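Q: Take a look at run_34.cif, mmCIF, C-alpha atoms:
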```
data_model
loop_
_atom_site.label_atom_id
_atom_site.label_comp_id
_atom_site.auth_asym_id
_atom_site.auth_seq_id
_atom_site.Cartn_x
_atom_site.Cartn_y
_atom_site.Cartn_z
CA MET A 1 23.79 111.14 120.46
CA MET A 2 23.89 109.24 117.18
CA ALA A 3 27.17 110.95 116.24
CA ALA A 4 28.74 109.94 119.56
CA ARG A 5 27.74 106.31 119.03
CA LEU A 6 29.21 106.34 115.51
CA LEU A 7 32.44 107.83 116.79
CA GLY A 8 32.69 105.19 119.54
CA THR A 9 32.09 102.37 117.06
CA SER A 10 34.69 103.79 114.67
CA SER A 11 37.25 104.02 117.48
CA ARG A 12 36.67 100.39 118.50
CA ILE A 13 37.04 99.26 114.87
CA ALA A 14 40.34 101.17 114.51
CA LYS A 15 41.66 99.67 117.75
CA PHE A 16 40.66 96.17 116.64
CA SER A 17 42.28 96.70 113.25
CA ARG A 18 45.54 97.90 114.78
CA HIS A 19 45.52 95.01 117.26
CA PHE A 20 44.87 92.51 114.46
CA HIS A 21 47.91 93.65 112.43
CA THR A 22 50.12 93.74 115.52
CA ALA A 23 49.14 90.22 116.45
CA LYS A 24 49.77 88.95 112.93
CA ALA A 25 53.27 90.45 112.84
CA ALA A 26 54.09 89.14 116.30
CA PHE A 27 53.03 85.58 115.41
CA LEU A 28 55.70 85.10 112.70
CA PRO A 29 57.97 82.42 114.21
CA VAL A 30 61.44 83.45 115.40
CA VAL A 31 64.14 80.79 115.44
CA GLN A 32 67.50 80.72 117.13
CA PHE A 33 70.36 80.19 114.70
CA LYS A 34 72.92 78.30 116.80
CA LEU A 35 76.62 77.69 116.37
CA SER A 36 77.02 74.09 115.28
CA ASP A 37 79.89 71.83 116.22
CA ILE A 38 82.93 72.83 114.14
CA GLY A 39 84.82 69.67 115.03
CA GLU A 40 88.39 69.04 116.17
CA GLY A 41 87.32 69.44 119.80
CA ILE A 42 86.63 73.18 119.45
CA ALA A 43 84.27 74.33 122.20
CA GLU A 44 84.19 78.08 121.59
CA VAL A 45 85.16 80.61 118.94
CA GLN A 46 85.74 84.35 118.71
CA VAL A 47 83.39 86.40 116.53
CA LYS A 48 85.67 88.38 114.22
CA GLU A 49 83.14 90.06 111.92
CA TRP A 50 79.38 90.29 111.42
CA TYR A 51 78.08 90.33 107.85
CA VAL A 52 74.50 91.12 108.96
CA LYS A 53 72.81 93.46 111.42
CA GLU A 54 69.43 93.52 113.14
CA GLY A 55 66.65 94.14 110.61
CA ASP A 56 68.56 92.73 107.63
CA THR A 57 66.82 90.25 105.32
CA ILE A 58 68.86 87.11 104.71
CA SER A 59 68.50 83.97 102.62
CA GLN A 60 69.89 80.50 102.96
CA PHE A 61 73.66 80.34 102.32
CA ASP A 62 74.11 84.08 102.95
CA LYS A 63 77.16 84.88 105.08
CA VAL A 64 76.22 85.60 108.69
CA CYS A 65 79.57 86.07 110.41
CA GLU A 66 83.18 84.99 110.51
CA VAL A 67 84.53 83.25 113.58
CA GLN A 68 88.06 82.39 114.60
CA SER A 69 89.08 79.35 116.58
CA ASP A 70 92.57 78.55 117.76
CA LYS A 71 93.01 76.49 114.58
CA ALA A 72 91.23 78.22 111.69
CA ALA A 73 88.88 80.97 110.55
CA VAL A 74 85.40 79.76 109.55
CA THR A 75 82.60 81.56 107.75
CA ILE A 76 79.12 80.85 109.13
CA SER A 77 76.27 80.88 106.59
CA SER A 78 72.53 81.02 107.13
CA ARG A 79 70.16 78.05 107.13
CA TYR A 80 67.07 80.22 106.93
CA ASP A 81 65.27 82.78 104.80
CA GLY A 82 64.00 85.60 106.96
CA ILE A 83 64.76 88.77 108.93
CA VAL A 84 67.51 89.10 111.52
CA ARG A 85 65.93 90.13 114.82
CA LYS A 86 68.82 89.84 117.29
CA LEU A 87 72.61 89.44 117.41
CA TYR A 88 73.78 87.59 120.51
CA HIS A 89 77.48 88.52 120.43
CA ASP A 90 79.61 91.61 119.87
CA VAL A 91 82.66 91.64 117.60
CA ASP A 92 85.58 89.93 119.40
CA GLY A 93 83.09 88.27 121.74
CA MET A 94 83.28 84.54 122.49
CA ALA A 95 80.54 82.17 121.32
CA ARG A 96 80.25 78.59 122.54
CA VAL A 97 79.16 75.68 120.38
CA GLY A 98 75.42 75.16 120.75
CA GLN A 99 74.73 78.75 121.77
CA ALA A 100 72.57 81.05 119.67
CA LEU A 101 74.30 83.42 117.26
CA ILE A 102 71.25 85.29 115.95
CA ASP A 103 67.44 85.22 116.04
CA VAL A 104 65.77 84.96 112.63
CA GLU A 105 62.10 85.71 111.94
CA VAL A 106 60.99 83.21 109.31
CA GLU A 107 57.83 82.24 107.47
CA GLY A 108 56.58 78.67 107.79
CA ASN A 109 56.67 76.01 110.48
CA VAL A 110 59.62 75.75 112.84
CA GLU A 111 60.71 73.01 115.24
CA GLU A 112 60.00 73.83 118.86
CA ASP A 113 63.63 73.58 119.99
CA GLU A 114 64.69 76.15 117.38
CA LYS A 115 62.43 78.84 118.86
CA PRO A 116 63.88 81.33 121.35
CA LYS A 117 63.35 80.40 124.97
CA LYS A 118 61.54 83.69 125.61
CA GLU A 119 58.20 83.43 123.79
CA GLU A 120 56.01 86.33 122.74
CA LYS A 121 53.23 87.36 125.11
CA LYS A 122 50.19 85.12 124.71
CA GLY A 123 47.76 88.04 124.94
CA ALA A 124 48.67 89.31 121.50
CA VAL A 125 48.02 85.88 120.00
CA THR A 126 44.78 84.94 121.70
CA SER A 127 43.14 88.31 121.15
CA THR A 128 42.74 87.69 117.40
CA PRO A 129 41.71 84.18 116.40
CA GLN A 130 41.78 85.18 112.72
CA ALA A 131 45.56 85.75 112.87
CA SER A 132 46.27 82.33 114.41
CA LYS A 133 44.71 80.52 111.49
CA GLU A 134 47.28 81.71 108.98
CA PRO A 135 50.41 79.97 110.40
CA ALA A 136 48.40 76.83 110.98
CA THR A 137 47.44 76.79 107.30
CA SER A 138 51.08 77.28 106.38
CA ALA A 139 52.17 74.43 108.63
CA SER A 140 49.58 72.06 107.25
CA GLU A 141 50.71 72.91 103.72
CA SER A 142 54.36 72.33 104.65
CA SER A 143 53.70 68.90 106.09
CA ALA A 144 50.94 67.61 103.86
CA SER A 145 51.19 68.99 100.33
CA ASP A 146 53.96 66.54 99.40
CA GLY A 147 53.35 63.62 101.74
CA LYS A 148 55.09 63.91 105.10
CA VAL A 149 58.11 65.88 103.81
CA LEU A 150 59.03 68.84 106.05
CA ALA A 151 60.12 71.97 104.18
CA THR A 152 59.60 75.72 104.25
CA PRO A 153 57.52 77.46 101.57
CA ALA A 154 60.70 78.87 100.01
CA VAL A 155 62.15 75.38 99.60
CA ARG A 156 58.90 74.08 98.15
CA ARG A 157 58.86 76.95 95.66
CA LEU A 158 62.44 76.15 94.63
CA ALA A 159 61.53 72.47 94.18
CA MET A 160 58.42 73.34 92.18
CA GLU A 161 60.30 75.72 89.88
CA ASN A 162 62.85 73.00 89.12
CA LYS A 163 60.25 70.20 88.90
CA VAL A 164 61.79 68.30 91.81
CA LYS A 165 59.69 65.95 93.94
CA LEU A 166 60.58 66.67 97.55
CA SER A 167 60.03 63.07 98.57
CA SER A 168 62.99 62.18 96.33
CA VAL A 169 65.31 64.60 98.12
CA ARG A 170 67.17 63.47 101.22
CA GLY A 171 66.66 66.06 103.94
CA SER A 172 69.57 67.08 106.12
CA GLY A 173 67.59 69.14 108.61
CA LYS A 174 66.11 68.04 111.90
CA GLU A 175 63.61 65.17 111.60
CA GLY A 176 64.45 64.90 107.90
CA ARG A 177 63.55 68.50 107.01
CA VAL A 178 64.50 69.34 103.42
CA LEU A 179 66.63 72.47 103.23
CA LYS A 180 67.36 74.70 100.28
CA GLU A 181 70.88 73.31 100.18
CA ASP A 182 69.49 69.76 99.85
CA VAL A 183 67.49 70.72 96.76
CA LEU A 184 70.50 72.43 95.18
CA LYS A 185 72.63 69.36 95.86
CA PHE A 186 69.96 67.19 94.26
CA LEU A 187 70.08 69.45 91.19
CA GLY A 188 73.89 69.30 91.14
CA GLN A 189 74.29 73.06 91.60
CA VAL A 190 76.09 72.73 94.93
CA PRO A 191 78.83 70.15 95.58
CA ALA A 192 77.85 67.56 98.14
CA ASP A 193 80.52 68.71 100.54
CA HIS A 194 78.52 68.60 103.77
CA SER A 195 77.50 65.60 105.80
CA SER A 196 73.86 65.19 106.68
CA GLY A 197 72.67 66.86 109.87
CA SER A 198 72.02 70.39 111.03
CA THR A 199 75.46 71.83 110.36
CA ASN A 200 75.55 75.47 109.35
CA ILE A 201 79.30 75.76 108.71
CA ARG A 202 80.59 76.60 105.25
CA THR A 203 84.36 76.74 105.03
CA THR A 204 86.67 77.58 102.16
CA HIS A 205 87.88 74.34 100.63
CA GLN A 206 91.54 73.85 99.86
CA ALA A 207 93.23 71.56 97.39
CA PRO A 208 94.20 68.21 98.88
CA LEU A 209 97.67 68.15 100.35
CA PRO A 210 100.24 66.13 98.41
CA ALA A 211 101.34 62.86 99.86
CA ALA A 212 104.00 63.32 102.52
CA LYS A 213 107.52 62.69 101.30
CA SER A 214 110.25 61.15 103.35
CA TYR A 215 113.54 63.01 103.48
CA GLU A 216 116.84 61.56 104.49
CA ALA A 217 119.32 63.71 106.32
CA LEU A 218 122.65 64.33 104.61
CA LYS A 219 125.41 62.12 105.88
CA GLU A 220 127.34 65.00 107.38
CA ASP A 221 127.73 68.76 107.24
CA VAL A 222 130.77 70.11 105.46
CA ALA A 223 133.11 72.53 107.23
CA VAL A 224 134.82 74.80 104.72
CA PRO A 225 137.96 76.47 106.06
CA ILE A 226 138.09 80.24 105.62
CA ARG A 227 141.15 80.95 103.57
CA GLY A 228 142.70 83.45 101.21
CA TYR A 229 140.90 86.67 100.30
CA THR A 230 137.86 85.76 102.41
CA ARG A 231 139.88 85.66 105.64
CA ALA A 232 141.19 89.17 104.96
CA MET A 233 137.68 90.44 104.09
CA ILE A 234 136.25 89.08 107.35
CA LYS A 235 138.70 91.19 109.32
CA THR A 236 138.12 94.27 107.17
CA MET A 237 134.31 94.03 107.16
CA THR A 238 134.25 93.46 110.92
CA GLU A 239 136.06 96.77 111.32
CA ALA A 240 133.62 98.36 108.86
CA LEU A 241 130.73 97.57 111.21
CA LYS A 242 132.06 100.24 113.58
CA ILE A 243 131.62 102.97 110.94
CA PRO A 244 128.33 104.98 110.80
CA HIS A 245 127.54 104.92 107.08
CA PHE A 246 125.85 107.83 105.31
CA GLY A 247 124.19 106.96 101.99
CA TYR A 248 123.52 109.12 98.94
CA ASN A 249 122.06 107.91 95.61
CA ASP A 250 121.86 109.55 92.21
CA GLU A 251 121.08 108.91 88.55
CA ILE A 252 123.29 109.92 85.63
CA ASN A 253 122.61 110.28 81.91
CA VAL A 254 125.65 108.84 80.15
CA ASP A 255 124.60 109.29 76.50
CA ALA A 256 127.68 111.41 75.76
CA LEU A 257 129.96 108.90 77.49
CA VAL A 258 128.50 105.99 75.49
CA LYS A 259 129.11 107.94 72.31
CA LEU A 260 132.72 108.81 73.29
CA ARG A 261 133.58 105.22 74.19
CA GLY A 262 132.16 104.05 70.88
CA GLU A 263 134.45 106.49 69.08
CA LEU A 264 137.53 105.38 71.08
CA LYS A 265 136.90 101.65 71.10
CA ASP A 266 138.59 100.83 67.78
CA PHE A 267 141.44 103.22 68.58
CA ALA A 268 142.00 101.43 71.91
CA LYS A 269 141.86 98.04 70.21
CA GLU A 270 144.72 99.03 67.92
CA ARG A 271 146.82 99.63 71.05
CA HIS A 272 145.70 96.33 72.61
CA VAL A 273 143.64 98.08 75.26
CA LYS A 274 140.30 96.69 76.39
CA LEU A 275 138.28 99.86 76.93
CA SER A 276 135.29 99.44 79.27
CA TYR A 277 133.40 102.20 81.07
CA MET A 278 135.28 101.64 84.34
CA PRO A 279 138.42 103.65 83.32
CA PHE A 280 136.15 106.67 82.70
CA PHE A 281 134.45 106.21 86.09
CA ILE A 282 137.83 106.02 87.85
CA LYS A 283 139.29 109.02 86.04
CA ALA A 284 136.19 111.12 86.73
CA ALA A 285 136.47 110.21 90.42
CA SER A 286 140.14 111.18 90.49
CA LEU A 287 139.41 114.58 88.94
CA ALA A 288 136.56 115.18 91.44
CA LEU A 289 138.81 114.18 94.35
CA PHE A 290 141.11 117.09 93.53
CA GLU A 291 138.23 119.36 94.53
CA PHE A 292 137.22 117.27 97.57
CA PRO A 293 140.45 115.94 99.12
CA GLY A 294 138.62 115.06 102.33
CA LEU A 295 137.16 112.03 100.54
CA ASN A 296 140.56 110.77 99.34
CA ALA A 297 141.56 110.21 102.93
CA THR A 298 142.02 107.74 105.76
CA THR A 299 141.65 107.92 109.53
CA ASP A 300 144.35 107.00 112.02
CA ASP A 301 143.93 104.21 114.56
CA LYS A 302 142.85 106.50 117.40
CA LEU A 303 140.55 108.63 115.21
CA GLU A 304 142.52 111.71 116.15
CA ASN A 305 143.53 112.71 112.62
CA ILE A 306 142.26 112.53 109.05
CA ILE A 307 145.05 112.02 106.57
CA HIS A 308 144.39 113.55 103.16
CA LYS A 309 146.27 111.33 100.73
CA ALA A 310 148.39 112.90 98.01
CA SER A 311 148.02 109.97 95.58
CA HIS A 312 144.70 108.76 94.24
CA ASN A 313 145.06 104.99 94.76
CA ILE A 314 141.55 104.03 93.73
CA CYS A 315 140.35 100.55 94.72
CA LEU A 316 138.14 98.27 92.65
CA ALA A 317 135.88 95.73 94.33
CA MET A 318 136.37 92.57 92.25
CA ASP A 319 134.54 89.26 92.19
CA THR A 320 137.06 86.41 91.89
CA PRO A 321 136.91 82.59 92.25
CA GLY A 322 138.48 83.04 95.68
CA GLY A 323 135.89 85.60 96.82
CA LEU A 324 135.70 89.38 97.03
CA VAL A 325 139.01 91.18 96.71
CA VAL A 326 139.73 94.91 96.62
CA PRO A 327 142.99 95.76 94.82
CA ASN A 328 143.84 99.33 93.86
CA ILE A 329 145.29 101.23 90.92
CA LYS A 330 148.10 103.46 92.10
CA ASN A 331 148.44 107.13 91.13
CA CYS A 332 145.26 107.45 89.05
CA GLU A 333 145.68 111.22 89.07
CA GLN A 334 148.79 110.77 86.88
CA ARG A 335 147.46 108.08 84.54
CA SER A 336 145.56 108.43 81.28
CA ILE A 337 142.29 106.61 80.63
CA PHE A 338 144.11 104.01 78.50
CA GLU A 339 146.71 103.42 81.23
CA ILE A 340 143.97 102.93 83.80
CA ALA A 341 142.27 100.47 81.43
CA GLN A 342 145.49 98.46 81.12
CA GLU A 343 145.83 98.28 84.91
CA ILE A 344 142.23 97.06 85.24
CA THR A 345 142.91 94.29 82.71
CA ARG A 346 146.08 93.25 84.59
CA LEU A 347 144.32 93.09 87.95
CA MET A 348 141.35 91.16 86.55
CA GLU A 349 143.61 88.53 84.99
CA ALA A 350 145.52 88.19 88.26
CA GLY A 351 142.25 87.89 90.14
CA LYS A 352 141.05 85.02 87.94
CA ARG A 353 144.26 83.17 88.80
CA GLN A 354 143.99 84.28 92.46
CA GLN A 355 147.46 85.75 92.16
CA ILE A 356 146.94 89.40 93.10
CA GLY A 357 150.08 90.58 94.89
CA ARG A 358 150.17 92.24 98.27
CA GLU A 359 151.43 95.50 96.78
CA ASP A 360 148.15 95.75 94.83
CA LEU A 361 146.07 95.27 97.99
CA VAL A 362 147.58 97.91 100.28
CA GLY A 363 147.60 101.68 100.18
CA GLY A 364 144.09 102.28 98.79
CA THR A 365 142.56 105.71 99.34
CA PHE A 366 139.10 105.56 97.72
CA THR A 367 136.92 102.70 96.39
CA LEU A 368 134.55 102.15 93.46
CA SER A 369 132.48 98.98 92.99
CA ASN A 370 131.06 98.41 89.53
CA ILE A 371 128.21 96.02 90.37
CA GLY A 372 126.71 96.65 86.94
CA ALA A 373 129.65 94.86 85.32
CA LEU A 374 128.54 91.61 87.00
CA LYS A 375 125.32 91.66 84.92
CA ILE A 376 123.30 90.06 87.69
CA GLY A 377 120.65 92.78 87.97
CA GLY A 378 119.91 95.45 90.54
CA THR A 379 119.93 99.23 90.42
CA TYR A 380 121.04 100.77 93.71
CA ALA A 381 123.23 99.22 96.42
CA SER A 382 124.42 99.91 99.96
CA PRO A 383 128.20 99.63 99.65
CA VAL A 384 130.33 99.06 102.74
CA ILE A 385 133.29 101.37 103.38
CA PHE A 386 136.73 99.76 103.19
CA PRO A 387 138.47 100.99 106.37
CA PRO A 388 140.49 103.06 107.06
CA GLN A 389 139.06 104.82 103.97
CA VAL A 390 136.16 107.23 104.41
CA ALA A 391 134.10 106.84 101.21
CA ILE A 392 132.97 104.32 98.57
CA GLY A 393 130.74 104.29 95.49
CA ALA A 394 128.75 101.48 93.83
CA ILE A 395 127.82 101.85 90.16
CA GLY A 396 124.91 100.01 88.55
CA ALA A 397 124.52 98.77 85.00
CA ILE A 398 123.83 101.14 82.11
CA GLU A 399 120.12 100.93 81.28
CA ARG A 400 118.14 102.25 78.33
CA LEU A 401 115.26 104.14 79.94
CA PRO A 402 112.64 106.72 78.87
CA ARG A 403 113.44 110.23 80.09
CA PHE A 404 112.42 113.83 79.31
CA ASP A 405 114.78 116.07 77.32
CA LYS A 406 115.05 119.84 77.81
CA HIS A 407 112.04 120.34 75.52
CA ASP A 408 109.90 117.94 77.58
CA ASN A 409 109.97 115.30 74.86
CA VAL A 410 110.27 111.67 75.90
CA ILE A 411 113.52 110.16 74.66
CA ALA A 412 115.48 106.95 75.20
CA ALA A 413 118.43 107.67 77.48
CA ASN A 414 121.40 105.66 78.72
CA VAL A 415 121.22 105.87 82.51
CA ILE A 416 123.31 104.57 85.39
CA LYS A 417 122.50 104.62 89.10
CA VAL A 418 125.22 105.34 91.64
CA SER A 419 125.16 104.75 95.40
CA TRP A 420 127.66 106.64 97.57
CA CYS A 421 128.49 105.87 101.19
CA ALA A 422 130.69 107.94 103.49
CA ASP A 423 131.95 107.72 107.07
CA HIS A 424 129.56 110.12 108.76
CA ARG A 425 131.99 110.71 111.63
CA VAL A 426 134.33 112.68 109.34
CA VAL A 427 132.30 113.37 106.16
CA ASP A 428 129.09 115.40 106.09
CA GLY A 429 126.26 114.78 103.66
CA ALA A 430 126.71 118.03 101.73
CA THR A 431 130.34 117.20 100.90
CA MET A 432 129.36 113.76 99.62
CA ALA A 433 126.56 115.24 97.49
CA ARG A 434 128.81 117.94 96.01
CA PHE A 435 131.47 115.38 95.14
CA GLY A 436 128.76 113.20 93.54
CA ASN A 437 127.54 116.13 91.46
CA ARG A 438 131.09 116.88 90.21
CA TRP A 439 131.62 113.21 89.28
CA LYS A 440 128.26 113.26 87.53
CA PHE A 441 129.22 116.40 85.57
CA TYR A 442 132.38 114.76 84.21
CA LEU A 443 130.46 111.68 83.02
CA GLU A 444 127.66 113.70 81.43
CA HIS A 445 130.23 116.02 79.82
CA PRO A 446 133.26 113.80 79.09
CA SER A 447 134.83 116.51 76.95
CA ALA A 448 135.35 118.54 80.18
CA MET A 449 137.08 115.51 81.67
CA LEU A 450 139.37 115.10 78.65
CA ALA A 451 140.22 118.81 78.74
CA GLN A 452 141.83 118.39 82.18
CA LEU A 453 144.01 115.41 81.31
CA LYS A 454 147.75 116.04 81.52
#
```
Is it possible to express this structure as structure tokens?

A:
Amino acid sequence: MMAARLLGTSSRIAKFSRHFHTAKAAFLPVVQFKLSDIGEGIAEVQVKEWYVKEGDTISQFDKVCEVQSDKAAVTISSRYDGIVRKLYHDVDGMARVGQALIDVEVEGNVEEDEKPKKEEKKGAVTSTPQASKEPATSASESSASDGKVLATPAVRRLAMENKVKLSSVRGSGKEGRVLKEDVLKFLGQVPADHSSGSTNIRTTHQAPLPAAKSYEALKEDVAVPIRGYTRAMIKTMTEALKIPHFGYNDEINVDALVKLRGELKDFAKERHVKLSYMPFFIKAASLALFEFPGLNATTDDKLENIIHKASHNICLAMDTPGGLVVPNIKNCEQRSIFEIAQEITRLMEAGKRQQIGREDLVGGTFTLSNIGALKIGGTYASPVIFPPQVAIGAIGAIERLPRFDKHDNVIAANVIKVSWCADHRVVDGATMARFGNRWKFYLEHPSAMLAQLK
């Protein structure tokens, strides 16, 4: 009998103890953290991202979420220290100004209108009078320990640690409540960039916009007549738009070519020849075209025949004061490198004077564009075929670049990049690649090129 009584008493004590702790936890005030007025007439925003989830502990100024209006993205930061108990909106959901974003369980006194509309059941509160005394003590401390200043215990602790008298701090919360942000502003640790009130918006600040300048419209637009080389190029390039271009790019080590040109430069000067790299590029192309005659070709007007040209009349795309012009050097297959160099010099001088004759502009069979000679940068290009031709190449500048030798040692190499384009209606990719490899071989082994000269 005595044992049964003891067991019954123990059970009632355990139940009371559990009920006491439950009531104490349930009595911690929960406030609704509402979306404040953003301004500019914005009535609702879209929630783009949550930075917190239910059960997270947050502090004042922590990021809560990011919202997007029809004018700007705004980051919402917390006004409270506490635990997140509820999220009211899903990602991409719409939140109206004045509606709750989250519920936060906080310590300390809270204004009545900040509490959620749905209160906790009264039974859990009234069953344990001991638990109800604790919040009351907290509230009395918040309102009386420093006059009539309203503040949470966390704010009071911050003020005490920094020896700040709360009555000297202007509160921006409801009914003059001093917030953590107000104390930090008073200490100068946070710029005073918010107006007083219950705003909870913290936006990224931008530098002030410069004063607006007034611009006057030009008196009139200028119409420039299309003349000379440009008029001819418009017609040619318009026809080129009908061609399906196939592109192929490669890189070539020209160390041996640089060395050979250096050896021949003084010899060429004695014969009044300006020896650039372009004569070597043209001669190498001519030798490769012997093996791939389908690239030294043109198409007829009805695209019924491909005419393989006997002569290698190789065109050069030239930049002149009058615009782009594409003259050609006749019979490159019969000319020496020095003779090709002399023709290049003649055409360039005529181009500067805009006096290139018609005989130099017709009859081309293949085109090279040395964009590297312009010294305006760039590596690869997308050259446009010069109809009725079927292929073109664009050559970049010689660059000094690190490369691996055959022993896997890093060396400095002279490298050029070449971009080929062909008319894919009559030239397949494999033919263009094989031609490019043969041209590359002659430039990397110029002695083989010289051995075939007649």

Q: Ranking A:Gly322, A:Gly377, A:Gly247, A:Pro210 by minimum distance to Ala350 of chain A and counting all atoms listed in the file, which one comes first?

A: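 For Ala350 of chain A, the nearest of the candidates is A:Gly322.
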
Q: Quick one: distance from atom CA of Met432 of chain A to atom CA of Gly363 of chain A in Å, one decimal?

A: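 Between these atoms lies a distance of 21.9 Å.
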
Q: Find, counting only C-alpha atoms, the residue in A:Leu443, A:Ile102, A:Leu303, A:Ile395 that gets nearest to Ile76 of chain A.

A: A:Ile102

Q: Translate the PyMOL selection byres ((chain A and resi 79) around 8) into a concrete residue list for this structure, as a PyMOL selection string.

A: chain A and resi 33+59-61+77-78+80-81+179+200

Q: Report the distance between atom CA of Ala394 of chain A and atom CA of Cys421 of chain A in Å, rounded to one decimal place.

A: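 Separation of atom CA of Ala394 of chain A and atom CA of Cys421 of chain A: 8.6 Å.
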
Q: Every residue with an atom at most 9 Å from (119.1, 98.9, 88.4) (file coordinates; all atoms listed in the file) is what I'm after, so could you write them as a compact mmCIF listing (two decimals) with C-alpha atoms, keeping the file's coordinate frame?

A:
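part_28.txt, freshly written:
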```
# COMPACT_ATOMS: atom_id res chain seq x y z
CA GLY A 372 126.71 96.65 86.94
CA GLY A 377 120.65 92.78 87.97
CA GLY A 378 119.91 95.45 90.54
CA THR A 379 119.93 99.23 90.42
CA TYR A 380 121.04 100.77 93.71
CA GLY A 396 124.91 100.01 88.55
CA ALA A 397 124.52 98.77 85.00
CA ILE A 398 123.83 101.14 82.11
CA GLU A 399 120.12 100.93 81.28
CA ILE A 416 123.31 104.57 85.39
CA LYS A 417 122.50 104.62 89.10
```

Q: For Ala297 of chain A, which of A:Gln32, A:Thr345, A:Ser382, A:Thr367 is the closest residue, counting only C-alpha atoms?

A: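 Result for the nearest residue to Ala297 of chain A: A:Thr367.
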
Q: Measure the distance from atom CA of Pro29 of chain A to atom CA of Arg85 of chain A in Å and round it to one decimal.

A: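 Calculated distance between atom CA of Pro29 of chain A and atom CA of Arg85 of chain A is 11.1 Å.
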
Q: I need the residue set behind the PyMOL selection byres ((chain A and resi 262-265) around 12) for this file; please write it as a list of chain:residue names.

A: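 For this structure, the PyMOL selection byres ((chain A and resi 262-265) around 12) captures A:Asp255, A:Ala256, A:Leu257, A:Val258, A:Lys259, A:Leu260, A:Arg261, A:Asp266, A:Phe267, A:Ala268, A:Lys269, A:Glu270, A:Arg271, A:His272, A:Val273, A:Lys274, A:Leu275, A:Ser276, A:Tyr277, A:Phe280, A:Ile337, A:Phe338, A:Ala341.
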
Q: I need the output of the PyMOL selection byres ((chain A and resi 239-246) around 10) for this file as an MDAnalysis selection string; which residues are they?

A: chainID A and resid 233:238 247:248 382:391 420:429 432

Q: Hey, what's within 12 Å of Asn437 of chain A if we count all atoms listed in the file and toss same-chain stuff fewer than 6 positions away? As an MDAnalysis selection string, please?

A: chainID A and resid 248:252 284:285 288:289 291:292 418 420 430:431 443:445

Q: Show me, as a ChimeraX atom specification, the residues that have an atom within 8 Å of Tyr51 of chain A when counting only C-alpha atoms, minus same-chain residues fewer than 6 positions from it.

A: /A:63-66

Q: Between A:Ala448, A:Cys332, A:Ile371, A:Ile58, which has the minimum distance to Ser419 of chain A (counting all atoms listed in the file)?

A: A:Ile371

Q: Write out as lines of an AutoDock Vina configuration file an axis-aligned box for segment 151-162 of chain A: all of its atoms listed in the file, 5 Å added on each side, centre and edge lengths in Å with one decimal.

A:
```
center_x = 60.2
center_y = 75.4
center_z = 96.7
size_x = 15.3
size_y = 16.9
size_z = 25.1
```

Q: Which is closest to Ala95 of chain A among A:Val67, A:Val222, A:Ala451, A:Ala73, if we use all atoms listed in the file?

A: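 Checking each of A:Val67, A:Val222, A:Ala451, A:Ala73 against Ala95 of chain A, counting all atoms listed in the file, the winner is A:Val67.
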
Q: For Ala310 of chain A, work out the shell of residues within 9 Å, counting all atoms listed in the file and skipping chain neighbours fewer than 4 positions away, then give it as a list in words.

A: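 Within the cut-off, the hits are Pro293, Asn296, Ala297 and Asn331 of chain A.
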